[in-house]
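One file, entry.csv, is given below (CSV, C-alpha atoms and all ligand atoms).
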chain,number,residue,atom,x,y,z
H,16,MET,CA,47.1,78.9,77.0
H,17,GLN,CA,48.7,81.2,79.5
H,18,ARG,CA,46.2,83.6,81.0
H,19,SER,CA,48.2,85.6,83.4
H,20,ILE,CA,50.7,88.4,83.1
H,21,VAL,CA,53.9,87.7,85.1
H,22,PHE,CA,55.0,90.3,87.6
H,23,SER,CA,51.6,91.9,87.9
H,24,ALA,CA,50.4,90.0,91.0
H,25,GLU,CA,49.6,92.0,94.2
H,26,TRP,CA,50.8,91.0,97.6
H,27,ASP,CA,48.8,91.5,100.8
H,28,ASP,CA,50.0,95.0,101.8
H,29,ARG,CA,52.9,97.2,100.8
H,30,MET,CA,52.5,99.0,104.2
H,31,ALA,CA,53.7,102.4,102.8
H,32,GLU,CA,52.8,103.9,106.2
H,33,LEU,CA,55.7,102.2,107.9
H,34,ARG,CA,58.4,103.2,105.4
H,35,GLY,CA,59.3,106.3,107.4
H,36,ASP,CA,58.9,104.7,110.8
H,37,ALA,CA,62.4,103.8,111.9
H,38,GLN,CA,61.3,102.2,115.1
H,39,ALA,CA,58.7,99.9,113.6
H,40,LEU,CA,61.1,98.9,110.8
H,41,GLY,CA,63.9,98.3,113.3
H,42,GLU,CA,61.6,95.9,115.3
H,43,LEU,CA,60.6,94.1,112.1
H,44,ARG,CA,64.3,93.8,111.1
H,45,SER,CA,65.1,92.1,114.4
H,46,ASP,CA,62.0,89.8,114.4
H,47,PRO,CA,63.1,86.2,113.6
H,48,ALA,CA,59.8,85.6,111.8
H,49,THR,CA,60.5,88.3,109.2
H,50,LEU,CA,61.6,87.1,105.8
H,51,VAL,CA,64.3,88.6,103.7
H,52,LEU,CA,64.7,88.3,100.0
H,53,PRO,CA,68.4,88.2,99.0
H,54,MET,CA,69.1,89.8,95.6
H,55,TRP,CA,72.5,89.8,93.7
H,56,ARG,CA,72.8,92.1,90.7
H,57,GLY,CA,69.1,91.9,90.0
H,58,ARG,CA,68.9,88.1,90.5
H,59,PRO,CA,66.9,86.4,93.2
H,60,LEU,CA,68.3,83.6,95.4
H,61,ILE,CA,66.4,80.5,94.3
H,62,ARG,CA,66.3,76.7,94.9
H,63,GLY,CA,64.6,73.9,93.1
H,64,ASP,CA,64.5,73.1,89.4
H,65,ASP,CA,61.1,72.9,87.8
H,66,ALA,CA,59.1,74.4,90.6
H,67,VAL,CA,61.6,77.1,91.5
H,68,GLN,CA,61.2,78.8,94.9
H,69,VAL,CA,62.7,82.0,96.1
H,70,VAL,CA,64.9,81.4,99.2
H,71,TRP,CA,63.8,83.7,102.0
H,72,LEU,CA,66.2,84.2,104.8
H,73,ALA,CA,65.7,85.1,108.5
H,74,PRO,CA,67.1,88.5,109.4
H,75,GLY,CA,69.9,86.9,111.4
H,76,ASP,CA,71.2,84.7,108.6
H,77,PRO,CA,75.0,85.0,108.3
H,78,ILE,CA,74.6,85.5,104.5
H,79,LEU,CA,73.1,88.9,105.1
H,80,ARG,CA,76.2,90.2,106.9
H,81,ASP,CA,77.5,91.0,103.4
H,82,ALA,CA,74.3,92.8,102.3
H,83,ALA,CA,74.1,96.6,101.8
H,84,PRO,CA,72.9,98.0,105.2
H,85,ASP,CA,69.7,99.5,103.9
H,86,TRP,CA,67.1,96.8,103.2
H,87,ILE,CA,64.1,97.5,101.1
H,88,PHE,CA,60.8,97.1,103.0
H,89,LEU,CA,58.3,95.3,100.8
H,90,GLY,CA,55.5,95.2,103.3
H,91,ARG,CA,53.6,92.2,104.5
H,92,HIS,CA,52.4,89.0,102.9
H,93,ASP,CA,50.9,85.8,104.4
H,94,GLY,CA,51.2,87.4,107.8
H,95,THR,CA,54.9,88.0,107.6
H,96,ALA,CA,57.0,91.2,107.1
H,97,ARG,CA,59.1,91.1,104.0
H,98,PHE,CA,62.3,92.9,103.2
H,99,ALA,CA,64.8,92.6,100.3
H,100,ALA,CA,68.6,92.9,100.8
H,101,ASP,CA,71.1,93.7,98.1
H,102,LEU,CA,74.2,91.4,98.0
H,103,SER,CA,75.6,92.7,94.8
H,104,SER,CA,79.0,93.5,96.3
H,105,TRP,CA,79.9,89.8,96.1
H,106,VAL,CA,82.3,89.1,93.1
H,107,PRO,CA,82.1,85.4,92.2
H,108,GLU,CA,85.1,83.6,90.8
H,109,GLY,CA,85.0,83.5,87.0
H,110,LEU,CA,82.3,86.1,86.7
H,111,ASP,CA,81.6,86.8,83.1
H,112,GLU,CA,80.6,90.5,83.0
H,113,ALA,CA,80.1,90.4,79.2
H,114,ALA,CA,77.5,87.6,79.4
H,115,MET,CA,75.7,89.4,82.2
H,116,SER,CA,75.1,92.4,80.0
H,117,GLY,CA,73.9,90.4,77.1
H,118,PHE,CA,70.3,89.7,76.0
H,119,PHE,CA,69.9,86.8,78.4
H,120,ASP,CA,72.5,85.3,80.7
H,121,PRO,CA,71.7,81.6,81.5
H,122,THR,CA,74.6,81.4,84.0
H,123,GLU,CA,73.7,80.8,87.6
H,124,TYR,CA,75.9,81.8,90.5
H,125,ALA,CA,76.3,79.8,93.7
H,126,HIS,CA,77.9,81.6,96.6
H,127,PRO,CA,80.3,79.1,98.4
H,128,ALA,CA,78.6,79.8,101.8
H,129,LEU,CA,75.1,78.9,100.4
H,130,PRO,CA,73.6,75.4,100.8
H,131,GLN,CA,73.8,73.0,97.9
H,132,GLY,CA,71.3,74.0,95.1
H,133,HIS,CA,70.9,77.5,96.2
H,134,ARG,CA,71.9,80.0,93.5
H,135,TYR,CA,71.3,83.4,92.0
H,136,ALA,CA,69.7,83.3,88.6
H,137,GLU,CA,68.5,85.7,85.9
H,138,LEU,CA,64.8,86.6,86.5
H,139,ARG,CA,63.9,86.4,82.8
H,140,GLY,CA,64.6,82.7,82.7
H,141,LEU,CA,62.6,82.1,85.9
H,142,MET,CA,59.5,84.2,85.3
H,143,MET,CA,57.2,81.3,84.4
H,144,ARG,CA,58.5,79.1,87.2
H,145,LEU,CA,58.2,81.4,90.2
H,146,GLY,CA,55.0,81.8,92.2
H,147,ALA,CA,53.0,84.9,91.0
H,148,VAL,CA,53.5,86.9,94.2
H,149,GLU,CA,57.2,86.0,94.5
H,150,ALA,CA,57.8,87.0,90.9
H,151,ALA,CA,56.1,90.4,91.6
H,152,MET,CA,58.2,90.9,94.8
H,153,VAL,CA,61.4,90.0,93.0
H,154,SER,CA,60.7,92.3,90.0
H,155,THR,CA,59.7,95.2,92.3
H,156,THR,CA,63.0,94.8,94.2
H,157,ARG,CA,64.9,94.6,90.9
H,158,ALA,CA,63.3,97.8,89.6
H,159,LEU,CA,64.0,99.6,92.9
H,160,LEU,CA,67.7,98.5,93.0
H,161,ASN,CA,68.1,99.4,89.3
H,162,TRP,CA,66.9,102.9,90.2
H,163,HIS,CA,69.1,103.3,93.2
H,164,GLY,CA,72.1,102.1,91.2
H,165,SER,CA,71.5,104.7,88.4
H,166,HIS,CA,70.4,107.6,90.6
H,167,ARG,CA,73.2,107.9,93.2
H,168,HIS,CA,73.4,111.7,92.9
H,169,CYS,CA,70.9,114.5,93.4
H,170,SER,CA,69.6,115.8,90.1
H,171,ALA,CA,69.1,119.2,91.6
H,172,CYS,CA,72.5,120.0,93.0
H,173,GLY,CA,74.8,117.0,92.0
H,174,GLN,CA,75.7,115.9,95.6
H,175,PRO,CA,75.5,112.1,96.4
H,176,SER,CA,72.0,111.3,97.7
H,177,ASP,CA,70.9,108.9,100.4
H,178,LEU,CA,68.5,106.0,100.3
H,179,ALA,CA,65.4,106.9,102.3
H,180,MET,CA,61.9,105.7,103.2
H,181,ALA,CA,63.0,102.0,103.4
H,182,GLY,CA,64.1,102.1,99.8
H,183,TRP,CA,61.2,104.0,98.2
H,184,GLN,CA,62.9,107.4,98.0
H,185,ARG,CA,66.3,109.0,97.9
H,186,VAL,CA,66.9,112.3,99.7
H,187,CYS,CA,69.7,114.8,99.1
H,188,PRO,CA,71.5,115.6,102.4
H,189,SER,CA,72.8,118.9,100.9
H,190,CYS,CA,69.6,120.6,99.4
H,191,ARG,CA,67.0,118.2,101.0
H,192,THR,CA,65.3,117.5,97.6
H,193,PRO,CA,63.5,114.1,97.7
H,194,HIS,CA,63.7,111.9,94.7
H,195,PHE,CA,61.1,109.3,93.8
H,196,PRO,CA,61.7,106.0,92.0
H,197,ARG,CA,61.2,106.2,88.3
H,198,THR,CA,58.8,104.1,86.2
H,199,ASP,CA,59.1,104.7,82.5
H,200,PRO,CA,55.8,104.1,80.5
H,201,VAL,CA,56.2,102.0,77.4
H,202,VAL,CA,53.4,101.3,75.0
H,203,ILE,CA,53.2,97.9,73.4
H,204,MET,CA,50.6,97.2,70.8
H,205,LEU,CA,49.0,94.4,68.9
H,206,VAL,CA,48.4,96.1,65.5
H,207,GLN,CA,45.7,94.3,63.6
H,208,LYS,CA,44.4,94.6,60.0
H,209,GLY,CA,41.7,92.1,59.1
H,210,ASP,CA,43.1,88.7,60.0
H,211,ARG,CA,46.7,89.8,60.2
H,212,VAL,CA,48.9,91.3,62.9
H,213,LEU,CA,52.0,93.4,62.6
H,214,LEU,CA,55.2,92.1,64.2
H,215,GLY,CA,58.8,93.5,64.2
H,216,ARG,CA,62.3,92.6,65.2
H,217,SER,CA,65.1,94.7,66.6
H,218,PRO,CA,68.7,94.3,65.6
H,219,GLY,CA,70.6,92.0,68.0
H,220,TRP,CA,67.5,89.9,69.0
H,221,PRO,CA,67.9,86.1,68.9
H,222,GLU,CA,67.3,84.6,65.4
H,223,GLY,CA,63.7,84.2,64.5
H,224,MET,CA,62.5,86.4,67.4
H,225,TYR,CA,59.6,88.8,66.4
H,226,SER,CA,57.3,90.7,68.7
H,227,THR,CA,54.6,93.2,68.9
H,228,LEU,CA,55.8,96.8,68.4
H,229,ALA,CA,56.7,98.8,71.4
H,230,GLY,CA,58.2,102.2,72.4
H,231,PHE,CA,58.7,104.7,75.2
H,232,VAL,CA,56.0,107.3,75.8
H,233,GLU,CA,57.4,110.9,75.2
H,234,PRO,CA,56.7,113.8,77.5
H,235,GLY,CA,53.4,115.5,76.7
H,236,GLU,CA,52.1,112.6,74.8
H,237,SER,CA,48.9,110.6,75.5
H,238,LEU,CA,49.2,106.8,75.5
H,239,GLU,CA,47.0,106.6,72.4
H,240,ALA,CA,49.2,109.2,70.6
H,241,ALA,CA,52.3,107.2,71.6
H,242,VAL,CA,50.9,104.0,70.1
H,243,ARG,CA,50.1,105.8,66.7
H,244,ARG,CA,53.5,107.6,66.6
H,245,GLU,CA,55.6,104.5,67.4
H,246,VAL,CA,53.8,102.4,64.8
H,247,ARG,CA,54.1,105.1,62.2
H,248,GLU,CA,57.8,105.8,62.9
H,249,GLU,CA,58.9,102.2,63.0
H,250,THR,CA,56.8,100.8,60.1
H,251,GLY,CA,55.1,103.6,58.3
H,252,VAL,CA,51.7,102.0,59.1
H,253,ARG,CA,48.9,104.4,60.1
H,254,VAL,CA,46.8,103.4,63.1
H,255,GLY,CA,43.2,104.4,63.9
H,256,THR,CA,41.4,103.1,67.0
H,257,VAL,CA,43.5,102.3,70.0
H,258,THR,CA,42.1,100.3,73.0
H,259,TYR,CA,43.8,99.6,76.3
H,260,VAL,CA,44.1,95.9,77.3
H,261,ALA,CA,46.4,95.3,80.3
H,262,SER,CA,49.8,96.3,81.8
H,263,GLN,CA,53.0,94.6,83.0
H,264,PRO,CA,55.8,95.9,85.2
H,265,TRP,CA,59.0,95.2,83.4
H,266,ALA,CA,62.2,95.7,85.5
H,267,TRP,CA,64.7,95.9,82.5
H,268,PRO,CA,65.4,98.4,83.9
H,269,ASN,CA,62.4,100.4,85.1
H,270,SER,CA,59.5,100.1,82.6
H,271,LEU,CA,55.8,99.7,82.8
H,272,MET,CA,54.5,98.0,79.7
H,273,LEU,CA,51.0,99.3,78.7
H,274,GLY,CA,49.4,96.9,76.3
H,275,PHE,CA,47.0,98.1,73.6
H,276,ALA,CA,45.0,96.7,70.7
H,277,ALA,CA,45.3,99.0,67.7
H,278,GLN,CA,43.5,99.0,64.3
H,279,ALA,CA,45.7,99.7,61.3
H,280,GLU,CA,44.3,101.8,58.5
H,281,THR,CA,47.1,101.1,56.0
H,282,ASP,CA,49.4,98.1,55.6
H,283,THR,CA,52.4,99.2,53.5
H,284,ILE,CA,55.5,98.7,55.7
H,285,THR,CA,58.4,101.2,55.5
H,286,LEU,CA,61.1,100.4,57.9
H,287,ASP,CA,63.0,103.0,59.9
H,288,HIS,CA,66.4,102.6,61.5
H,289,GLU,CA,65.0,101.1,64.8
H,290,LEU,CA,63.7,97.8,63.3
H,291,GLU,CA,65.6,95.3,61.4
H,292,ASP,CA,62.4,93.7,59.9
H,293,ALA,CA,58.7,94.0,60.2
H,294,LEU,CA,56.0,91.8,58.7
H,295,TRP,CA,52.3,91.0,58.7
H,296,LEU,CA,51.5,87.6,60.1
H,297,THR,CA,48.2,85.8,59.3
H,298,ARG,CA,46.1,84.2,62.0
H,299,ASP,CA,47.3,80.8,60.8
H,300,ASP,CA,50.9,81.7,60.8
H,301,LEU,CA,50.5,83.3,64.3
H,302,ALA,CA,48.9,80.1,65.6
H,303,ARG,CA,52.0,78.2,64.4
H,304,ALA,CA,54.4,80.7,65.9
H,305,LEU,CA,52.6,80.5,69.3
H,306,ASP,CA,52.7,76.7,69.4
H,307,GLY,CA,56.4,76.7,68.3
H,308,THR,CA,55.9,75.1,64.8
H,309,HIS,CA,56.5,78.1,62.6
H,310,PRO,CA,59.5,77.5,60.3
H,311,ARG,CA,60.8,81.0,60.7
H,312,ILE,CA,59.2,82.8,63.7
H,313,ARG,CA,60.4,81.7,67.1
H,314,ARG,CA,57.8,81.1,69.8
H,315,PRO,CA,57.2,84.3,71.7
H,316,ARG,CA,58.1,84.1,75.4
H,317,SER,CA,55.1,83.2,77.5
H,318,GLY,CA,54.5,85.4,80.5
H,319,ALA,CA,55.5,88.5,78.7
H,320,ILE,CA,52.7,90.9,77.8
H,321,ALA,CA,53.5,90.6,74.0
H,322,TYR,CA,52.6,86.9,74.2
H,323,GLU,CA,49.4,87.7,76.2
H,324,LEU,CA,48.3,90.3,73.6
H,325,LEU,CA,48.9,87.8,70.8
H,326,SER,CA,47.2,84.9,72.6
H,327,ARG,CA,44.1,87.0,73.5
H,328,TRP,CA,43.8,88.2,69.9
H,329,MET,CA,44.0,84.6,68.7
H,330,ALA,CA,41.2,83.7,71.2
H,331,GLY,CA,39.1,86.6,69.9
H,332,GLU,CA,39.2,88.4,73.2
H,333,ILE,CA,40.7,91.7,71.9
H,334,GLY,CA,40.8,93.5,68.6
H,335,HIS,CA,38.1,93.5,66.0
H,336,ALA,CA,36.5,90.2,65.1
H,337,VAL,CA,37.4,89.0,61.7
H,338,THR,CA,34.1,88.5,59.8
H,339,ASN,CA,35.6,86.4,57.0
H,340,PRO,CA,38.6,84.6,58.3
H,341,GLY,CA,40.9,83.6,55.5
H,342,GLN,CA,39.5,86.1,53.0
H,343,PRO,CA,41.4,89.3,51.9
H,344,ASP,CA,40.5,92.5,53.8
H,345,ALA,CA,37.4,94.2,52.6
H,346,ASP,CA,38.5,97.6,54.0
V,1,ZN,ZN,70.7,118.1,96.2
As structure tokens, how would this structure be written, given the file I've shared?
Ligand SMILES: [Zn+2]
Amino acid sequence: MQRSIVFSAEWDDRMAELRGDAQALGELRSDPATLVLPMWRGRPLIRGDDAVQVVWLAPGDPILRDAAPDWIFLGRHDGTARFAADLSSWVPEGLDEAAMSGFFDPTEYAHPALPQGHRYAELRGLMMRLGAVEAAMVSTTRALLNWHGSHRHCSACGQPSDLAMAGWQRVCPSCRTPHFPRTDPVVIMLVQKGDRVLLGRSPGWPEGMYSTLAGFVEPGESLEAAVRREVREETGVRVGTVTYVASQPWAWPNSLMLGFAAQAETDTITLDHELEDALWLTRDDLARALDGTHPRIRRPRSGAIAYELLSRWMAGEIGHAVTNPGQPDAD
């Protein structure tokens, strides 16, 4: 059973103290030992099939001539300085923009100048095949590039802003306001009552896909309050005790998923407009969903925190123990 949360690994050192040091960064950028991660429209450059590897380039690689001039400084790992470069300006032949904006785009894009087998691929399809640290570096870069792409103007005065601090800030050249990368907190919760868990599906999801409920935290709201509000709004179910479990950075586009176990006090489901369906799944049904043998519920994607919450509950690691499995709720 998967026991790790993808994208949450830490690399050796982010070296934030060098982000404003132009001379040190310049020296690292011209050091042939430095490694550069090429990213195209949120996708890493990879090679290999089952054991996929990120392709790291030397700073002098001709591919990087087409990169945006400002590289993101990720820090140091395994004794080597790491940068990421954005190559999104490349427009491949036959690019399917509609597929790219869909739920998941399986298309892979091979630049004609790249060696055979090297291609850019959607991170969601790779998340279980990349090494833990590489996955974290790619998702961090993806989140930062998403933020730069959607925050090109100063929110104080409206002028175009500039990338600063090696990619970790933007600064307005007109009013000097610094802007910091956004991370949007999202609560995601395993809601339990007795031996059942509450799952929902949103409109537009692939057929048979259900997941734990989730929603954005609102200003002025505690995480526990957000859990209770989201569950009540989406399903009408009232939640009592809320316990933190784990978190997962989720770069679609800039979220931090905060995972909780929540005890339901009621079980009547009243759907609102956000969900297409919600249901209570017994432990037996959930076991079949997790091993891919449920007739109706598709296997949740391993590596995502929803899968981890469900797996840990199945293993008895989170939530209240069920004293009489298989028996109706006493409470
Ligand atoms: Zn400004």
What's around H:Ala99 at 9 Å? Count all atoms listed in the file, leave out sequence neighbours fewer than 6 positions away in its own chain, and write the answer as a list of chain:residue names.
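So, after excluding close chain neighbours, the residues are H:Leu50, H:Val51, H:Leu52, H:Pro53, H:Met54, H:Trp86, H:Ile87, H:Phe88, H:Leu89, H:Met152, H:Val153, H:Thr156.
You can rank H:Ala151, H:Leu79, H:Ala330, H:Ile61 by their closest distance to H:Gln131 using only C-alpha atoms, and at the top of that list sits H:Ile61.
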Pick the closest to H:Trp295 from H:Thr258, H:Thr283, H:Thr49, H:Thr308: which is it, counting only C-alpha atoms?
H:Thr283
Give the residue list for ligand ZN 1 (chain V) at 9 Å, counting only C-alpha atoms and all ligand atoms, as a ChimeraX atom specification, sorted by chain and then by residue number.
/H:168-176,186-193
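Counting all atoms listed in the file and comparing H:Leu214, H:Ile320, H:Leu271, H:Val232, the residue that lies closest to H:Leu290 is H:Leu214.
Taking all atoms listed in the file into account, the protein, DNA and RNA residues within 9 Å of (59.7, 104.3, 85.1) read Ala158, Trp162, Pro196, Arg197, Thr198, Asp199, Pro200, Val201, Ala266, Pro268, Asn269, Ser270 and Leu271 of chain H.
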Store the residues picked out above, limited to C-alpha atoms, as a short mmCIF file (atom, residue, chain, number, x, y, z; two decimals), in the coordinates of the input.
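Contents of part-v2.cif, as written:
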data_model
loop_
_atom_site.label_atom_id
_atom_site.label_comp_id
_atom_site.auth_asym_id
_atom_site.auth_seq_id
_atom_site.Cartn_x
_atom_site.Cartn_y
_atom_site.Cartn_z
CA ALA H 158 63.30 97.80 89.60
CA TRP H 162 66.90 102.90 90.20
CA PRO H 196 61.70 106.00 92.00
CA ARG H 197 61.20 106.20 88.30
CA THR H 198 58.80 104.10 86.20
CA ASP H 199 59.10 104.70 82.50
CA PRO H 200 55.80 104.10 80.50
CA VAL H 201 56.20 102.00 77.40
CA ALA H 266 62.20 95.70 85.50
CA PRO H 268 65.40 98.40 83.90
CA ASN H 269 62.40 100.40 85.10
CA SER H 270 59.50 100.10 82.60
CA LEU H 271 55.80 99.70 82.80
#
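Among the candidates H:Pro127, H:Gly318, H:Gly215, H:Gly182, the residue lying nearest to H:Ala100 is H:Gly182 (atoms considered: all atoms listed in the file).
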Distance of atom CA of H:Arg34 from atom CA of H:Gln184, expressed in Å to one decimal place:
9.6 Å
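If all atoms listed in the file are the atoms counted, then among H:His133, H:Arg298, H:Arg80, H:Arg139 the closest residue to H:Asp64 is H:His133.
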Leaving out H:Tyr135 and any residue of its chain fewer than 6 positions from it, which residues lie within 12 Å of it when counting only C-alpha atoms, given as a PyMOL selection string?
chain H and resi 52-63+67-70+101-103+105+107+120-127+129+141+153
Ranking H:Trp267, H:Phe275, H:Tyr225, H:Tyr259 by minimum distance to H:Asp292 and counting only C-alpha atoms, which one comes first?
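Closest residue, counting only C-alpha atoms: H:Tyr225.
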Straight-line distance linking atom CA of H:Met204 with atom CA of H:Leu238, stated in Å to one decimal
10.8 Å
Interatomic distance, atom CA of H:Thr285 to atom CA of H:Ser317 (Å, one decimal):
28.6 Å
